[in-house]
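Q: Contents of work-v2.pdb (PDB, C-alpha atoms) are given next:
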ATOM      1  CA  VAL Z   1     -42.701  61.744 -76.088
ATOM      2  CA  VAL Z   2     -44.123  58.946 -73.942
ATOM      3  CA  LEU Z   3     -42.144  55.728 -74.047
ATOM      4  CA  GLY Z   4     -43.687  52.286 -74.295
ATOM      5  CA  ARG Z   5     -44.731  50.303 -71.241
ATOM      6  CA  GLU Z   6     -41.884  47.818 -71.674
ATOM      7  CA  HIS Z   7     -39.367  50.616 -71.129
ATOM      8  CA  THR Z   8     -41.427  52.100 -68.320
ATOM      9  CA  MET Z   9     -41.477  48.807 -66.406
ATOM     10  CA  LEU Z  10     -37.732  48.416 -66.760
ATOM     11  CA  LEU Z  11     -37.043  51.744 -65.114
ATOM     12  CA  LEU Z  12     -39.846  52.688 -62.831
ATOM     13  CA  SER Z  13     -41.054  51.580 -59.495
ATOM     14  CA  ALA Z  14     -44.411  52.904 -58.348
ATOM     15  CA  SER Z  15     -42.586  55.337 -56.081
ATOM     16  CA  SER Z  16     -41.440  58.745 -57.249
ATOM     17  CA  CYS Z  17     -37.894  57.619 -57.984
ATOM     18  CA  PHE Z  18     -35.954  55.113 -60.033
ATOM     19  CA  ALA Z  19     -35.149  51.595 -58.931
ATOM     20  CA  PRO Z  20     -32.778  49.324 -60.850
ATOM     21  CA  ALA Z  21     -34.555  46.715 -62.905
ATOM     22  CA  THR Z  22     -33.104  44.002 -60.703
ATOM     23  CA  GLU Z  23     -34.485  45.601 -57.526
ATOM     24  CA  LEU Z  24     -38.148  46.410 -58.129
ATOM     25  CA  ARG Z  25     -39.991  47.454 -54.977
ATOM     26  CA  CYS Z  26     -41.702  44.745 -52.994
ATOM     27  CA  ARG Z  27     -45.513  44.597 -52.835
ATOM     28  CA  GLY Z  28     -45.605  43.827 -49.120
ATOM     29  CA  CYS Z  29     -42.303  42.003 -48.488
ATOM     30  CA  HIS Z  30     -44.092  38.680 -48.411
ATOM     31  CA  GLY Z  31     -46.169  38.831 -51.572
ATOM     32  CA  SER Z  32     -47.065  35.880 -53.741
ATOM     33  CA  GLY Z  33     -44.826  34.829 -56.581
ATOM     34  CA  GLY Z  34     -41.319  33.475 -56.599
ATOM     35  CA  GLY Z  35     -38.128  35.023 -55.472
ATOM     36  CA  THR Z  36     -39.204  37.865 -53.187
ATOM     37  CA  SER Z  37     -36.813  38.465 -50.281
ATOM     38  CA  ARG Z  38     -37.432  40.115 -46.915
ATOM     39  CA  CYS Z  39     -35.737  43.337 -48.013
ATOM     40  CA  GLY Z  40     -37.956  43.691 -51.070
ATOM     41  CA  ARG Z  41     -35.812  42.454 -53.927
ATOM     42  CA  ILE Z  42     -37.093  40.251 -56.690
ATOM     43  CA  SER Z  43     -34.697  37.622 -57.983
ATOM     44  CA  MET Z  44     -34.307  37.070 -61.733
ATOM     45  CA  GLY Z  45     -32.433  34.546 -63.815
ATOM     46  CA  SER Z  46     -28.896  35.550 -64.811
ATOM     47  CA  ALA Z  47     -29.664  35.560 -68.548
ATOM     48  CA  ALA Z  48     -32.662  37.815 -68.092
ATOM     49  CA  LEU Z  49     -30.656  40.033 -65.783
ATOM     50  CA  SER Z  50     -27.876  40.705 -68.258
ATOM     51  CA  GLY Z  51     -30.203  41.739 -71.072
ATOM     52  CA  GLU Z  52     -32.584  43.746 -68.929
ATOM     53  CA  ALA Z  53     -29.756  45.371 -66.981
ATOM     54  CA  ALA Z  54     -28.124  46.586 -70.203
ATOM     55  CA  GLU Z  55     -31.380  48.025 -71.502
ATOM     56  CA  GLU Z  56     -32.192  49.561 -68.139
ATOM     57  CA  ALA Z  57     -28.744  51.225 -68.067
ATOM     58  CA  TYR Z  58     -29.327  52.681 -71.547
ATOM     59  CA  TRP Z  59     -32.704  54.216 -70.689
ATOM     60  CA  ARG Z  60     -31.479  55.357 -67.281
ATOM     61  CA  ALA Z  61     -28.599  57.287 -68.887
ATOM     62  CA  TRP Z  62     -30.964  58.674 -71.540
ATOM     63  CA  PHE Z  63     -33.393  59.940 -68.910
ATOM     64  CA  TRP Z  64     -30.772  61.571 -66.697
ATOM     65  CA  ASP Z  65     -29.211  63.302 -69.709
ATOM     66  CA  LYS Z  66     -32.661  64.782 -70.424
ATOM     67  CA  ALA Z  67     -33.028  65.669 -66.742
ATOM     68  CA  SER Z  68     -29.642  67.410 -66.743
ATOM     69  CA  GLU Z  69     -30.660  69.532 -69.732
ATOM     70  CA  ALA Z  70     -33.971  70.478 -68.124
ATOM     71  CA  VAL Z  71     -32.412  71.334 -64.759
ATOM     72  CA  GLU Z  72     -29.607  73.435 -66.266
ATOM     73  CA  GLU Z  73     -32.163  75.376 -68.314
ATOM     74  CA  GLN Z  74     -34.751  75.853 -65.565
ATOM     75  CA  PHE Z  75     -32.238  76.738 -62.841
ATOM     76  CA  ALA Z  76     -29.767  78.663 -65.014
ATOM     77  CA  SER Z  77     -29.826  81.653 -62.664
ATOM     78  CA  ALA Z  78     -28.696  79.577 -59.677
ATOM     79  CA  GLY Z  79     -25.078  79.821 -58.690
ATOM     80  CA  LYS Z  80     -22.487  77.071 -59.092
ATOM     81  CA  ARG Z  81     -22.440  76.429 -55.345
ATOM     82  CA  ALA Z  82     -26.219  76.048 -55.172
ATOM     83  CA  LEU Z  83     -26.134  73.479 -57.978
ATOM     84  CA  ARG Z  84     -23.087  71.513 -56.798
ATOM     85  CA  ARG Z  85     -25.003  68.682 -55.091
ATOM     86  CA  VAL Z  86     -27.707  68.810 -57.771
ATOM     87  CA  ARG Z  87     -25.185  68.007 -60.492
ATOM     88  CA  GLU Z  88     -23.726  65.234 -58.347
ATOM     89  CA  TYR Z  89     -27.273  63.901 -57.773
ATOM     90  CA  ILE Z  90     -27.813  63.638 -61.525
ATOM     91  CA  LYS Z  91     -24.376  62.081 -62.099
ATOM     92  CA  VAL Z  92     -24.828  59.458 -59.374
ATOM     93  CA  ASN Z  93     -28.302  58.373 -60.478
ATOM     94  CA  ARG Z  94     -27.269  58.261 -64.137
ATOM     95  CA  GLY Z  95     -24.827  55.447 -63.404
ATOM     96  CA  ASP Z  96     -24.305  52.857 -60.696
ATOM     97  CA  VAL Z  97     -25.987  54.379 -57.642
ATOM     98  CA  ALA Z  98     -24.119  52.185 -55.162
ATOM     99  CA  GLN Z  99     -20.739  53.356 -56.461
ATOM    100  CA  GLY Z 100     -21.778  56.958 -55.879
ATOM    101  CA  MET Z 101     -22.510  56.327 -52.203
ATOM    102  CA  PRO Z 102     -19.938  56.760 -49.413
ATOM    103  CA  LYS Z 103     -18.172  53.522 -48.557
ATOM    104  CA  LYS Z 104     -19.579  53.499 -45.004
ATOM    105  CA  LEU Z 105     -23.110  53.423 -46.428
ATOM    106  CA  ARG Z 106     -22.302  50.869 -49.146
ATOM    107  CA  LYS Z 107     -20.926  48.581 -46.448
ATOM    108  CA  HIS Z 108     -23.569  49.311 -43.811
ATOM    109  CA  PRO Z 109     -25.486  46.081 -43.075
ATOM    110  CA  HIS Z 110     -28.793  47.912 -42.522
ATOM    111  CA  TYR Z 111     -28.621  50.644 -45.199
ATOM    112  CA  GLU Z 112     -29.861  50.126 -48.731
ATOM    113  CA  VAL Z 113     -30.960  52.462 -51.519
ATOM    114  CA  VAL Z 114     -33.183  50.638 -53.997
ATOM    115  CA  GLY Z 115     -34.228  53.802 -55.830
ATOM    116  CA  GLY Z 116     -32.796  57.304 -55.989
ATOM    117  CA  TYR Z 117     -29.845  58.639 -54.012
ATOM    118  CA  PHE Z 118     -29.061  62.264 -53.158
ATOM    119  CA  PRO Z 119     -25.420  62.807 -52.132
ATOM    120  CA  GLY Z 120     -24.203  64.783 -49.164
ATOM    121  CA  LEU Z 121     -27.089  64.137 -46.750
ATOM    122  CA  SER Z 122     -26.584  62.807 -43.247
ATOM    123  CA  ALA Z 123     -27.731  59.207 -42.905
ATOM    124  CA  THR Z 124     -28.720  58.043 -39.434
ATOM    125  CA  PRO Z 125     -31.516  55.654 -38.414
ATOM    126  CA  PHE Z 126     -33.289  58.227 -36.209
ATOM    127  CA  LEU Z 127     -33.274  62.015 -36.615
ATOM    128  CA  ASP Z 128     -33.649  64.678 -33.922
ATOM    129  CA  ALA Z 129     -37.405  65.258 -33.820
ATOM    130  CA  SER Z 130     -37.143  68.155 -31.367
ATOM    131  CA  ALA Z 131     -35.722  70.520 -33.985
ATOM    132  CA  ALA Z 132     -37.382  72.369 -36.865
ATOM    133  CA  PRO Z 133     -39.379  71.500 -38.889
ATOM    134  CA  PHE Z 134     -40.596  68.615 -36.747
ATOM    135  CA  ASP Z 135     -41.330  70.734 -33.662
ATOM    136  CA  ALA Z 136     -44.262  72.339 -35.488
ATOM    137  CA  ILE Z 137     -46.002  69.010 -36.073
ATOM    138  CA  ARG Z 138     -45.419  68.073 -32.423
ATOM    139  CA  ARG Z 139     -47.217  71.239 -31.275
ATOM    140  CA  ALA Z 140     -50.108  70.419 -33.620
ATOM    141  CA  ALA Z 141     -50.345  66.762 -32.508
ATOM    142  CA  PRO Z 142     -53.127  67.219 -29.871
ATOM    143  CA  ALA Z 143     -55.376  69.025 -32.372
ATOM    144  CA  ILE Z 144     -54.652  66.442 -35.078
ATOM    145  CA  ARG Z 145     -55.521  63.617 -32.684
ATOM    146  CA  GLU Z 146     -58.786  65.350 -31.736
ATOM    147  CA  GLU Z 147     -59.768  65.510 -35.412
ATOM    148  CA  LEU Z 148     -58.859  61.839 -35.892
ATOM    149  CA  VAL Z 149     -61.016  60.902 -32.890
ATOM    150  CA  GLY Z 150     -63.890  62.696 -34.607
ATOM    151  CA  LEU Z 151     -63.339  60.668 -37.772
ATOM    152  CA  LEU Z 152     -63.197  57.438 -35.781
ATOM    153  CA  ALA Z 153     -66.419  58.360 -33.950
ATOM    154  CA  ARG Z 154     -68.296  58.508 -37.232
ATOM    155  CA  GLU Z 155     -66.539  55.345 -38.394
ATOM    156  CA  ALA Z 156     -64.459  56.892 -41.163
ATOM    157  CA  GLU Z 157     -63.013  54.051 -43.176
ATOM    158  CA  PHE Z 158     -59.439  52.838 -43.309
ATOM    159  CA  GLU Z 159     -58.582  51.118 -46.573
ATOM    160  CA  ASP Z 160     -57.632  47.461 -46.300
ATOM    161  CA  ILE Z 161     -55.194  46.994 -49.167
ATOM    162  CA  GLY Z 162     -54.973  43.261 -48.681
ATOM    163  CA  LYS Z 163     -51.363  43.015 -47.621
ATOM    164  CA  PRO Z 164     -49.419  43.207 -45.471
ATOM    165  CA  LEU Z 165     -51.883  41.483 -43.181
ATOM    166  CA  GLY Z 166     -53.422  43.784 -40.570
ATOM    167  CA  TRP Z 167     -52.219  47.029 -42.147
ATOM    168  CA  ARG Z 168     -54.838  49.609 -43.137
ATOM    169  CA  THR Z 169     -54.543  53.219 -44.229
ATOM    170  CA  MET Z 170     -56.540  56.440 -44.472
ATOM    171  CA  PRO Z 171     -54.558  58.316 -47.151
ATOM    172  CA  ILE Z 172     -54.435  62.110 -47.153
ATOM    173  CA  TYR Z 173     -51.802  62.353 -49.905
ATOM    174  CA  TYR Z 174     -50.628  59.533 -52.145
ATOM    175  CA  ARG Z 175     -47.742  60.025 -54.608
ATOM    176  CA  GLY Z 176     -48.008  63.699 -53.739
ATOM    177  CA  GLU Z 177     -51.668  64.057 -54.727
ATOM    178  CA  ARG Z 178     -54.438  65.020 -52.294
ATOM    179  CA  GLN Z 179     -56.908  62.156 -51.984
ATOM    180  CA  ALA Z 180     -60.528  63.093 -52.599
ATOM    181  CA  SER Z 181     -61.640  60.322 -50.243
ATOM    182  CA  PHE Z 182     -60.117  62.097 -47.223
ATOM    183  CA  PRO Z 183     -62.555  64.525 -45.498
ATOM    184  CA  ALA Z 184     -60.128  67.459 -45.373
ATOM    185  CA  GLU Z 185     -62.897  69.882 -44.499
ATOM    186  CA  GLU Z 186     -63.344  68.047 -41.199
ATOM    187  CA  CYS Z 187     -59.641  68.287 -40.380
ATOM    188  CA  PRO Z 188     -58.540  71.934 -40.723
ATOM    189  CA  GLN Z 189     -55.847  71.625 -38.039
ATOM    190  CA  THR Z 190     -54.361  68.554 -39.707
ATOM    191  CA  MET Z 191     -54.344  70.152 -43.146
ATOM    192  CA  GLY Z 192     -52.962  73.419 -41.763
ATOM    193  CA  ALA Z 193     -50.087  71.632 -40.045
ATOM    194  CA  LEU Z 194     -49.261  69.641 -43.184
ATOM    195  CA  GLY Z 195     -49.308  72.839 -45.240
ATOM    196  CA  LYS Z 196     -46.325  74.136 -43.263
ATOM    197  CA  LEU Z 197     -44.142  71.122 -44.045
ATOM    198  CA  ARG Z 198     -42.017  70.194 -47.075
ATOM    199  CA  LEU Z 199     -43.962  67.131 -48.171
ATOM    200  CA  ALA Z 200     -41.834  64.808 -50.288
ATOM    201  CA  GLY Z 201     -44.459  63.964 -52.885
ATOM    202  CA  GLU Z 202     -44.986  60.485 -51.464
ATOM    203  CA  THR Z 203     -47.416  59.461 -48.714
ATOM    204  CA  VAL Z 204     -49.252  61.205 -45.897
ATOM    205  CA  ALA Z 205     -51.747  58.951 -44.130
ATOM    206  CA  PHE Z 206     -53.248  57.781 -40.885
ATOM    207  CA  GLN Z 207     -52.069  54.174 -40.650
ATOM    208  CA  ARG Z 208     -53.631  51.448 -38.543
ATOM    209  CA  GLN Z 209     -51.880  48.285 -37.383
ATOM    210  CA  SER Z 210     -54.079  45.446 -36.084
ATOM    211  CA  PRO Z 211     -53.214  43.449 -32.940
ATOM    212  CA  GLY Z 212     -50.647  40.717 -33.403
ATOM    213  CA  THR Z 213     -49.492  41.915 -36.824
ATOM    214  CA  GLY Z 214     -46.517  43.794 -38.250
ATOM    215  CA  LEU Z 215     -44.571  44.685 -41.354
ATOM    216  CA  PRO Z 216     -41.578  42.543 -42.342
ATOM    217  CA  ARG Z 217     -38.145  44.122 -42.640
ATOM    218  CA  HIS Z 218     -37.834  46.352 -45.710
ATOM    219  CA  VAL Z 219     -36.476  49.652 -47.016
ATOM    220  CA  ASP Z 220     -38.163  52.500 -48.864
ATOM    221  CA  PRO Z 221     -36.600  53.630 -52.115
ATOM    222  CA  CYS Z 222     -35.264  57.201 -51.980
ATOM    223  CA  SER Z 223     -32.564  58.614 -49.708
ATOM    224  CA  TRP Z 224     -33.996  62.138 -49.803
ATOM    225  CA  VAL Z 225     -37.173  61.095 -47.964
ATOM    226  CA  VAL Z 226     -37.496  60.860 -44.185
ATOM    227  CA  ALA Z 227     -40.543  59.404 -42.441
ATOM    228  CA  CYS Z 228     -42.208  61.386 -39.662
ATOM    229  CA  HIS Z 229     -44.500  59.426 -37.324
ATOM    230  CA  VAL Z 230     -46.930  61.055 -34.905
ATOM    231  CA  GLY Z 231     -48.481  58.743 -32.302
ATOM    232  CA  MET Z 232     -52.278  58.951 -32.407
ATOM    233  CA  VAL Z 233     -53.658  55.812 -30.736
ATOM    234  CA  CYS Z 234     -50.907  53.870 -28.982
ATOM    235  CA  PRO Z 235     -52.156  51.072 -26.703
ATOM    236  CA  THR Z 236     -50.310  50.075 -23.575
ATOM    237  CA  GLY Z 237     -48.975  46.565 -23.163
ATOM    238  CA  GLU Z 238     -51.031  44.060 -21.226
ATOM    239  CA  GLU Z 239     -49.726  43.511 -17.694
ATOM    240  CA  GLY Z 240     -46.617  45.522 -18.381
ATOM    241  CA  GLY Z 241     -45.929  43.792 -21.700
ATOM    242  CA  GLU Z 242     -44.372  45.356 -24.751
ATOM    243  CA  THR Z 243     -46.170  48.140 -26.647
ATOM    244  CA  PRO Z 244     -46.323  48.592 -30.471
ATOM    245  CA  TYR Z 245     -42.925  49.356 -31.944
ATOM    246  CA  ILE Z 246     -40.839  49.949 -35.018
ATOM    247  CA  SER Z 247     -37.292  48.620 -35.255
ATOM    248  CA  VAL Z 248     -34.922  50.683 -37.428
ATOM    249  CA  ALA Z 249     -31.450  49.254 -38.073
ATOM    250  CA  GLY Z 250     -32.049  46.955 -35.122
ATOM    251  CA  GLU Z 251     -33.005  49.750 -32.701
ATOM    252  CA  LYS Z 252     -36.556  49.752 -31.330
ATOM    253  CA  TYR Z 253     -38.809  52.764 -30.878
ATOM    254  CA  HIS Z 254     -42.181  52.402 -29.103
ATOM    255  CA  TRP Z 255     -44.841  54.824 -30.338
ATOM    256  CA  ARG Z 256     -46.428  57.134 -27.752
ATOM    257  CA  GLU Z 257     -49.487  59.309 -28.203
ATOM    258  CA  GLY Z 258     -48.639  62.877 -29.173
ATOM    259  CA  GLU Z 259     -44.955  62.096 -29.648
ATOM    260  CA  VAL Z 260     -43.113  62.740 -32.918
ATOM    261  CA  MET Z 261     -40.475  60.337 -34.233
ATOM    262  CA  VAL Z 262     -38.483  60.756 -37.450
ATOM    263  CA  PHE Z 263     -36.405  58.040 -39.105
ATOM    264  CA  ASP Z 264     -34.546  57.385 -42.333
ATOM    265  CA  PRO Z 265     -36.444  54.637 -44.220
ATOM    266  CA  SER Z 266     -33.355  53.758 -46.259
ATOM    267  CA  PHE Z 267     -32.351  51.827 -43.142
ATOM    268  CA  LYS Z 268     -34.030  48.437 -42.860
ATOM    269  CA  HIS Z 269     -37.060  48.660 -40.612
ATOM    270  CA  GLU Z 270     -39.922  46.495 -39.414
ATOM    271  CA  THR Z 271     -42.919  46.898 -37.104
ATOM    272  CA  PHE Z 272     -45.050  44.834 -34.736
ATOM    273  CA  ASN Z 273     -48.101  45.382 -32.565
ATOM    274  CA  PRO Z 274     -47.990  42.858 -29.684
ATOM    275  CA  THR Z 275     -51.087  44.254 -27.937
ATOM    276  CA  SER Z 276     -54.779  43.384 -28.232
ATOM    277  CA  GLN Z 277     -55.752  46.810 -29.608
ATOM    278  CA  ASP Z 278     -55.197  48.727 -32.849
ATOM    279  CA  ARG Z 279     -52.293  51.145 -33.144
ATOM    280  CA  ILE Z 280     -52.796  54.316 -35.231
ATOM    281  CA  ILE Z 281     -50.130  56.794 -36.301
ATOM    282  CA  LEU Z 282     -49.948  59.714 -38.708
ATOM    283  CA  ASN Z 283     -47.194  58.947 -41.222
ATOM    284  CA  ILE Z 284     -45.745  61.915 -43.150
ATOM    285  CA  ASP Z 285     -43.102  61.506 -45.853
ATOM    286  CA  LEU Z 286     -40.930  64.639 -45.824
ATOM    287  CA  PHE Z 287     -37.946  65.923 -47.723
ATOM    288  CA  HIS Z 288     -34.703  65.387 -45.813
ATOM    289  CA  PRO Z 289     -34.185  68.495 -43.634
ATOM    290  CA  GLU Z 290     -30.666  69.074 -45.013
ATOM    291  CA  LEU Z 291     -31.952  69.611 -48.559
ATOM    292  CA  THR Z 292     -32.173  73.215 -49.712
ATOM    293  CA  ASP Z 293     -35.421  74.486 -51.177
ATOM    294  CA  LEU Z 294     -33.733  74.605 -54.590
ATOM    295  CA  GLU Z 295     -32.669  70.971 -54.264
ATOM    296  CA  CYS Z 296     -36.237  69.988 -53.371
ATOM    297  CA  ARG Z 297     -37.465  71.796 -56.473
ATOM    298  CA  VAL Z 298     -34.896  69.962 -58.618
ATOM    299  CA  ILE Z 299     -36.048  66.595 -57.268
ATOM    300  CA  GLN Z 300     -39.654  67.572 -57.975
ATOM    301  CA  GLU Z 301     -38.665  68.585 -61.510
ATOM    302  CA  THR Z 302     -36.969  65.243 -62.202
ATOM    303  CA  ILE Z 303     -40.054  63.434 -60.877
ATOM    304  CA  ARG Z 304     -42.290  65.568 -63.117
ATOM    305  CA  LEU Z 305     -40.044  64.874 -66.111
ATOM    306  CA  LYS Z 306     -40.096  61.148 -65.379
ATOM    307  CA  LYS Z 307     -43.896  61.145 -65.440
ATOM    308  CA  GLU Z 308     -43.916  63.206 -68.641
ATOM    309  CA  LEU Z 309     -41.490  60.940 -70.485
ATOM    310  CA  PHE Z 310     -42.460  57.542 -69.156
ATOM    311  CA  GLY Z 311     -46.054  57.940 -68.029
ATOM    312  CA  SER Z 312     -46.897  55.812 -64.991
ATOM    313  CA  THR Z 313     -47.168  52.142 -64.200
ATOM    314  CA  GLU Z 314     -50.317  50.375 -63.084
ATOM    315  CA  ALA Z 315     -48.497  48.775 -60.164
ATOM    316  CA  GLN Z 316     -49.820  49.690 -56.736
ATOM    317  CA  GLU Z 317     -47.610  49.347 -53.680
ATOM    318  CA  TRP Z 318     -48.072  49.607 -49.936
ATOM    319  CA  ARG Z 319     -46.218  52.335 -48.104
ATOM    320  CA  GLY Z 320     -44.954  52.767 -44.588
ATOM    321  CA  PRO Z 321     -45.575  51.188 -41.200
TER     322      PRO Z 321
END
Take the structure from the file and write it as structure tokens.

A:
Amino acid sequence: VVLGREHTMLLLSASSCFAPATELRCRGCHGSGGGTSRCGRISMGSAALSGEAAEEAYWRAWFWDKASEAVEEQFASAGKRALRRVREYIKVNRGDVAQGMPKKLRKHPHYEVVGGYFPGLSATPFLDASAAPFDAIRRAAPAIREELVGLLAREAEFEDIGKPLGWRTMPIYYRGERQASFPAEECPQTMGALGKLRLAGETVAFQRQSPGTGLPRHVDPCSWVVACHVGMVCPTGEEGGETPYISVAGEKYHWREGEVMVFDPSFKHETFNPTSQDRIILNIDLFHPELTDLECRVIQETIRLKKELFGSTEAQEWRGP
């Protein structure tokens, strides 16, 4: 069964997880059209909201009932303890996601889940990047940078997606799929390092930020994804001035070449490059390190089921700093 596009658009963002109909993902946080806020919400009239919200709630419950059946069947051999958070994950996303979140997160001024929520995971703006699995990507960073320099030398193209202004990307994976446009054969160290990580089925890309530009404050949709940044080309500030940075929940981090930084993109974040040179990072969307392998497989199964039942939308969205 593949549902009609009208039902698909009510439930799905272009990410791999659900977003309430009243909170569709932004297309750049300053896109054209009325009612788009800095945090990525799209305002609707109250009459439209009530009708669409009711229909969205119906199809949301229908989907998560199907997901529950599929998960219980596929993972029947797993013990009750292994499935405890999985069942809570399904229950929370079937209803009002916000009500299933701890009060400290619901009330946090910088935290917002506009898509899927997985209960029981630590939520902090920055994670410890010195621990596994992030230490492996740090050790591989010099080799990855060398391969990127080779691509830049032959003028490999970054895609200009139009907005946000000054943001370009060289995608390796997009929505979990390897991109044929990326010359993987020229980057064996990069691909080998990525193969050792639990990729979250979202984005892996070299991302370029032009001088004097940045991304407005926003959040990404799913609480089970963390963003890993590896500094590739990080210019120094002119005459001791500020270097390119990302601000997460009001706390700044300045990228440095070869350094790994990991943050939770459910916290509001924004970037800026105040220098006169391009900044390039490797952005890797990973599963939260506290998820078990079984829980990752369950999330992947619900994403697969969503695509099977609802198809996909034509909407294209920008990702990451």

Q: I'd like the interatomic distance between CA of Ser68 in chain Z and CA of Glu112 in chain Z, to a tenth of an Å.

A: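 Result for CA of Ser68 in chain Z versus CA of Glu112 in chain Z: 25.0 Å, one decimal.
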
Q: Which residue out of Z:Asn273, Z:Thr302, Z:Ser130, Z:Ser266 has the minimum interatomic distance to Pro109 in chain Z when all atoms listed in the file are used?

A: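 Closest to Pro109 in chain Z of all the choices is Z:Ser266.
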
Q: Name every residue that the PyMOL selection byres ((chain Z and resi 255) around 12) selects in this structure, writing the answer as a PyMOL selection string with chains first and numbers rising.

A: chain Z and resi 209+228-237+242-247+252-254+256-262+271-273+279-283+321

Q: Please write the residues picked by the PyMOL selection byres ((chain Z and resi 70-79) around 10) on this file as a PDB file with C-alpha atoms, keeping the file's coordinate frame.

A:
ATOM      1  CA  TRP Z  64     -30.772  61.571 -66.697  1.00  0.00           C
ATOM      2  CA  ASP Z  65     -29.211  63.302 -69.709  1.00  0.00           C
ATOM      3  CA  LYS Z  66     -32.661  64.782 -70.424  1.00  0.00           C
ATOM      4  CA  ALA Z  67     -33.028  65.669 -66.742  1.00  0.00           C
ATOM      5  CA  SER Z  68     -29.642  67.410 -66.743  1.00  0.00           C
ATOM      6  CA  GLU Z  69     -30.660  69.532 -69.732  1.00  0.00           C
ATOM      7  CA  LYS Z  80     -22.487  77.071 -59.092  1.00  0.00           C
ATOM      8  CA  ARG Z  81     -22.440  76.429 -55.345  1.00  0.00           C
ATOM      9  CA  ALA Z  82     -26.219  76.048 -55.172  1.00  0.00           C
ATOM     10  CA  LEU Z  83     -26.134  73.479 -57.978  1.00  0.00           C
ATOM     11  CA  ARG Z  84     -23.087  71.513 -56.798  1.00  0.00           C
ATOM     12  CA  VAL Z  86     -27.707  68.810 -57.771  1.00  0.00           C
ATOM     13  CA  ARG Z  87     -25.185  68.007 -60.492  1.00  0.00           C
ATOM     14  CA  ILE Z  90     -27.813  63.638 -61.525  1.00  0.00           C
ATOM     15  CA  LEU Z 294     -33.733  74.605 -54.590  1.00  0.00           C
ATOM     16  CA  ARG Z 297     -37.465  71.796 -56.473  1.00  0.00           C
ATOM     17  CA  VAL Z 298     -34.896  69.962 -58.618  1.00  0.00           C
ATOM     18  CA  ILE Z 299     -36.048  66.595 -57.268  1.00  0.00           C
ATOM     19  CA  GLU Z 301     -38.665  68.585 -61.510  1.00  0.00           C
ATOM     20  CA  THR Z 302     -36.969  65.243 -62.202  1.00  0.00           C
ATOM     21  CA  LEU Z 305     -40.044  64.874 -66.111  1.00  0.00           C
TER      22      LEU Z 305
END

Q: Determine the residue membership of the PyMOL selection byres ((chain Z and resi 193) around 10) for the file above and supply it as a ChimeraX atom specification.

A: /Z:136-141,143-144,188-192,194-197

Q: Listed atoms of range 294-308 of chain Z, axis-aligned box, 3 Å per side: centre and edge lengths to one decimal in Å, as AutoDock Vina command-line options?

A:
--center_x -38.3 --center_y 67.9 --center_z -61.0 --size_x 17.2 --size_y 19.5 --size_z 21.3

Q: Identify which of the residues Z:Asp264, Z:Glu177, Z:Glu55, Z:Glu202 lies closest to Val113 in chain Z, counting all atoms listed in the file when measuring atom-to-atom distances.

A: Z:Asp264

Q: What separation in Å, quoted to one decimal, exists between CA of Ala205 in chain Z and CA of Thr169 in chain Z?

A: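 Here the two named atoms are 6.4 Å from each other.
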
Q: With a cut-off of 12 Å, could you pull out the residues of range 64-161 of chain Z touching range 223-226 of chain Z and give me the nearest pair of atoms for each, distance in Å to one decimal, using only C-alpha atoms, ordered by chain and ascending number, as JSON lines?

A:
{"residue": "Z:Tyr89", "atom": "CA", "partner": "Z:Trp224", "partner_atom": "CA", "distance": 10.6}
{"residue": "Z:Asn93", "atom": "CA", "partner": "Z:Ser223", "partner_atom": "CA", "distance": 11.6}
{"residue": "Z:Val97", "atom": "CA", "partner": "Z:Ser223", "partner_atom": "CA", "distance": 11.1}
{"residue": "Z:Ala98", "atom": "CA", "partner": "Z:Ser223", "partner_atom": "CA", "distance": 11.9}
{"residue": "Z:Met101", "atom": "CA", "partner": "Z:Ser223", "partner_atom": "CA", "distance": 10.6}
{"residue": "Z:Leu105", "atom": "CA", "partner": "Z:Ser223", "partner_atom": "CA", "distance": 11.3}
{"residue": "Z:Tyr111", "atom": "CA", "partner": "Z:Ser223", "partner_atom": "CA", "distance": 10.0}
{"residue": "Z:Glu112", "atom": "CA", "partner": "Z:Ser223", "partner_atom": "CA", "distance": 9.0}
{"residue": "Z:Val113", "atom": "CA", "partner": "Z:Ser223", "partner_atom": "CA", "distance": 6.6}
{"residue": "Z:Val114", "atom": "CA", "partner": "Z:Ser223", "partner_atom": "CA", "distance": 9.1}
{"residue": "Z:Gly115", "atom": "CA", "partner": "Z:Ser223", "partner_atom": "CA", "distance": 8.0}
{"residue": "Z:Gly116", "atom": "CA", "partner": "Z:Ser223", "partner_atom": "CA", "distance": 6.4}
{"residue": "Z:Tyr117", "atom": "CA", "partner": "Z:Ser223", "partner_atom": "CA", "distance": 5.1}
{"residue": "Z:Phe118", "atom": "CA", "partner": "Z:Trp224", "partner_atom": "CA", "distance": 6.0}
{"residue": "Z:Pro119", "atom": "CA", "partner": "Z:Ser223", "partner_atom": "CA", "distance": 8.6}
{"residue": "Z:Gly120", "atom": "CA", "partner": "Z:Trp224", "partner_atom": "CA", "distance": 10.2}
{"residue": "Z:Leu121", "atom": "CA", "partner": "Z:Trp224", "partner_atom": "CA", "distance": 7.8}
{"residue": "Z:Ser122", "atom": "CA", "partner": "Z:Ser223", "partner_atom": "CA", "distance": 9.8}
{"residue": "Z:Ala123", "atom": "CA", "partner": "Z:Ser223", "partner_atom": "CA", "distance": 8.4}
{"residue": "Z:Thr124", "atom": "CA", "partner": "Z:Val226", "partner_atom": "CA", "distance": 10.4}
{"residue": "Z:Pro125", "atom": "CA", "partner": "Z:Val226", "partner_atom": "CA", "distance": 9.8}
{"residue": "Z:Phe126", "atom": "CA", "partner": "Z:Val226", "partner_atom": "CA", "distance": 9.4}
{"residue": "Z:Leu127", "atom": "CA", "partner": "Z:Val226", "partner_atom": "CA", "distance": 8.7}
{"residue": "Z:Asp128", "atom": "CA", "partner": "Z:Val226", "partner_atom": "CA", "distance": 11.6}
{"residue": "Z:Ala129", "atom": "CA", "partner": "Z:Val226", "partner_atom": "CA", "distance": 11.3}
{"residue": "Z:Phe134", "atom": "CA", "partner": "Z:Val226", "partner_atom": "CA", "distance": 11.2}
